[in-house]
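This report refers to the structure that appears directly beneath it.
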Amino acid sequence: MTATSPDLSPAAGRRTGRAPDVLDPAERRRLERAFSIPRTRFLAGVPVALVVLLWSFAGAEFNFTMLAEGSINMGEFLSRLFPPDFAKLGTIVELLVETLQMAVVGTVLGAGLSLLAALAASSNIAPPWLYYPTRWAMNVIRSIPDLVFALMFVSAVGLGPFAGILAMTLGSVGSIGKIYAEAMESVDRGPVIAMQAVGASKRQVISYGILPQAAPVLVSYTLLLFEGNVRGATILGLVGAGGIGLELTTAMRMYDYGHLSAIIICIIALVTVIDQCSALIRRKIT
């Protein structure tokens with residue numbers, strides 16, 4: 001007995017009493033386009049990309065020779081970091097805990113405000129009169145560095161972690177709010193249209209049609225925001241906004257390389273632990 005391929009002709013469909021499994025021509029063309037390479041545009045774009053890259057290298061004064069010549073100084077600097085001095089480990093741990101607390105509060109407040117901003121910046125939720133001003137405001141916030149916000153809040157509320165938390169919160173709205181909005185815009189329209197067809201309100205569509213679909217992406221980017229805030233809190237301390245950053249700057253200015261090395265090692269350990277915990281949570285929700 002030899003195996004034969006199934007007959008998908010219309011006549012076979014009439015004999016079996018069911019419609020043949022024939023792919024719609026329009027769907028076939030769409031699938032073929034998904035695997036086709038736009039060779040003409042691709043080949044034309046390669047020279048343009050190379051020109052832009054070379055222009056950027058020249059404008060940024062990127063020099064491999066200078067990097068090779070400076071590698072000796074880099075090695076000398078790194079050699080000064082060893083051995084690390086953990087004599088002030090208690091102070092380092094206390095400031096790292098403060099940095100972690102700043103990141104936790106800044107992430108919670110930033111994620112909450114970013115979610116509200118994302119609802120107003122999603123084209124499938126907000127009307128145009130609200131969508132465009134919100135997008136514009138998020139673009140303005142995203143274009144301002146967090147250090148500028150930190151300096152502004154330090155002048156407003158004084159030195160300390162509170163200014164850093166406010167800077168992280170406001171900075172998060174511009175960056176993570178845009179990602180939240182795009183995650184909501186990319187959800188499957190089928191459930192949303194079905195709920196609208198049966199008369200669901202806007203609140204019900206958002207609560208049961210959009211947010212459940214976007215939730216895994218929102219949680220994943222919130223964890224990424226938290227990791228970024230931990231690293232960012234160490235930078236905000238440079239301008240007196242609390243955290244380990246001020247101690248790091250002091251060690252650099254005093255040329256206390258052993259203490260500086262100990263701070264860097266502790267920061268790396270904290271970020272590594274947070275990264276592993278975030279990866280575990282992502283595996284649970286995806």
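Chain labels run A, B, ... following the order of the structure tokens; each chain numbers its residues from 1, and ligands are numbered from 1 in the order shown.
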
Selection: 12 Å around stretch 282-285 of chain A, only C-alpha atoms, excl. self and same-chain fewer than 5 positions, as number ranges by chain:
A: 214-224, 275-277

Dump N, CA and C atoms for the selected residues as a JSON list (two decimals), in the first residue's frame?
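again.json written:
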[["chain", "number", "residue", "atom", "x", "y", "z"],
["A", 214, "ALA", "N", -2.87, 43.55, 27.62],
["A", 214, "ALA", "CA", -1.60, 44.27, 27.72],
["A", 214, "ALA", "C", -0.88, 44.02, 29.03],
["A", 215, "ALA", "N", -1.53, 43.34, 29.99],
["A", 215, "ALA", "CA", -0.96, 43.19, 31.33],
["A", 215, "ALA", "C", 0.43, 42.55, 31.34],
["A", 216, "PRO", "N", 0.68, 41.43, 30.62],
["A", 216, "PRO", "CA", 2.04, 40.87, 30.66],
["A", 216, "PRO", "C", 3.11, 41.84, 30.21],
["A", 217, "VAL", "N", 2.82, 42.60, 29.15],
["A", 217, "VAL", "CA", 3.80, 43.57, 28.65],
["A", 217, "VAL", "C", 3.97, 44.71, 29.66],
["A", 218, "LEU", "N", 2.88, 45.16, 30.26],
["A", 218, "LEU", "CA", 2.96, 46.24, 31.23],
["A", 218, "LEU", "C", 3.79, 45.82, 32.44],
["A", 219, "VAL", "N", 3.58, 44.61, 32.93],
["A", 219, "VAL", "CA", 4.34, 44.14, 34.08],
["A", 219, "VAL", "C", 5.82, 44.00, 33.73],
["A", 220, "SER", "N", 6.10, 43.47, 32.55],
["A", 220, "SER", "CA", 7.49, 43.29, 32.13],
["A", 220, "SER", "C", 8.21, 44.63, 32.06],
["A", 221, "TYR", "N", 7.58, 45.64, 31.48],
["A", 221, "TYR", "CA", 8.22, 46.95, 31.38],
["A", 221, "TYR", "C", 8.28, 47.66, 32.72],
["A", 222, "THR", "N", 7.35, 47.36, 33.62],
["A", 222, "THR", "CA", 7.43, 47.93, 34.96],
["A", 222, "THR", "C", 8.64, 47.39, 35.71],
["A", 223, "LEU", "N", 8.92, 46.10, 35.55],
["A", 223, "LEU", "CA", 10.13, 45.52, 36.14],
["A", 223, "LEU", "C", 11.38, 46.15, 35.54],
["A", 224, "LEU", "N", 11.34, 46.39, 34.22],
["A", 224, "LEU", "CA", 12.47, 47.05, 33.58],
["A", 224, "LEU", "C", 12.64, 48.48, 34.10],
["A", 275, "ASP", "N", 18.12, 41.94, 38.98],
["A", 275, "ASP", "CA", 17.96, 41.42, 37.62],
["A", 275, "ASP", "C", 17.50, 39.97, 37.64],
["A", 276, "GLN", "N", 18.05, 39.15, 38.52],
["A", 276, "GLN", "CA", 17.65, 37.75, 38.60],
["A", 276, "GLN", "C", 16.22, 37.61, 39.10],
["A", 277, "CYS", "N", 15.84, 38.42, 40.08],
["A", 277, "CYS", "CA", 14.46, 38.39, 40.57],
["A", 277, "CYS", "C", 13.48, 38.84, 39.49]]

9 Å contact set for A:Arg231, only C-alpha atoms, chain neighbours under 5 positions out, as a PDB file with N, CA, C and O atoms, in the first residue's frame:
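Printed below is out_33.pdb as written:
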ATOM      1  N   THR A  99      18.880  53.750  48.443  1.00  0.00           N
ATOM      2  CA  THR A  99      18.743  53.760  46.981  1.00  0.00           C
ATOM      3  C   THR A  99      17.637  52.812  46.534  1.00  0.00           C
ATOM      4  O   THR A  99      16.831  53.148  45.658  1.00  0.00           O
ATOM      5  N   ALA A 103      14.076  53.661  44.630  1.00  0.00           N
ATOM      6  CA  ALA A 103      13.654  53.010  43.386  1.00  0.00           C
ATOM      7  C   ALA A 103      12.267  52.400  43.520  1.00  0.00           C
ATOM      8  O   ALA A 103      11.466  52.463  42.579  1.00  0.00           O
ATOM      9  N   PHE A 226      11.865  49.453  37.111  1.00  0.00           N
ATOM     10  CA  PHE A 226      12.435  49.331  38.452  1.00  0.00           C
ATOM     11  C   PHE A 226      13.947  49.138  38.388  1.00  0.00           C
ATOM     12  O   PHE A 226      14.701  49.771  39.143  1.00  0.00           O
ATOM     13  N   ILE A 267      27.152  47.824  44.417  1.00  0.00           N
ATOM     14  CA  ILE A 267      26.122  48.208  43.447  1.00  0.00           C
ATOM     15  C   ILE A 267      25.907  47.093  42.430  1.00  0.00           C
ATOM     16  O   ILE A 267      24.771  46.749  42.080  1.00  0.00           O
ATOM     17  N   VAL A 271      22.349  45.158  41.796  1.00  0.00           N
ATOM     18  CA  VAL A 271      21.717  45.144  40.473  1.00  0.00           C
ATOM     19  C   VAL A 271      21.584  43.713  39.962  1.00  0.00           C
ATOM     20  O   VAL A 271      20.579  43.353  39.335  1.00  0.00           O
TER      21      VAL A 271
END

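Once A:Val108 and its same-chain neighbours fewer than 3 positions away are set aside, Gln101, Met102, Ala103, Val104, Val105, Ala111, Gly112, Leu113, Ser114, Leu115, Ile165, Leu166, Met168, Thr169, Leu170, Ser172, Val173, Val219, Thr222, Leu223, Leu225, Phe226 and Asn229 of chain A remain within 12 Å of it when counting only C-alpha atoms.
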
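Distances from A:Tyr180, A:Phe86, A:Phe64, A:Phe162 to A:Ile264 were compared using only C-alpha atoms, and the smallest one belongs to A:Phe86.
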
Counting only C-alpha atoms, the option among A:Pro128, A:Pro145, A:Pro84, A:Gly110 closest to A:Ile176:
A:Gly110

Stretch 82-232 of chain A: residues DSSP assigns to helix (DSSP H, G or I), reported as a PyMOL selection string
chain A and resi 89-120+128-143+146-157+161-185+189-197+202-232
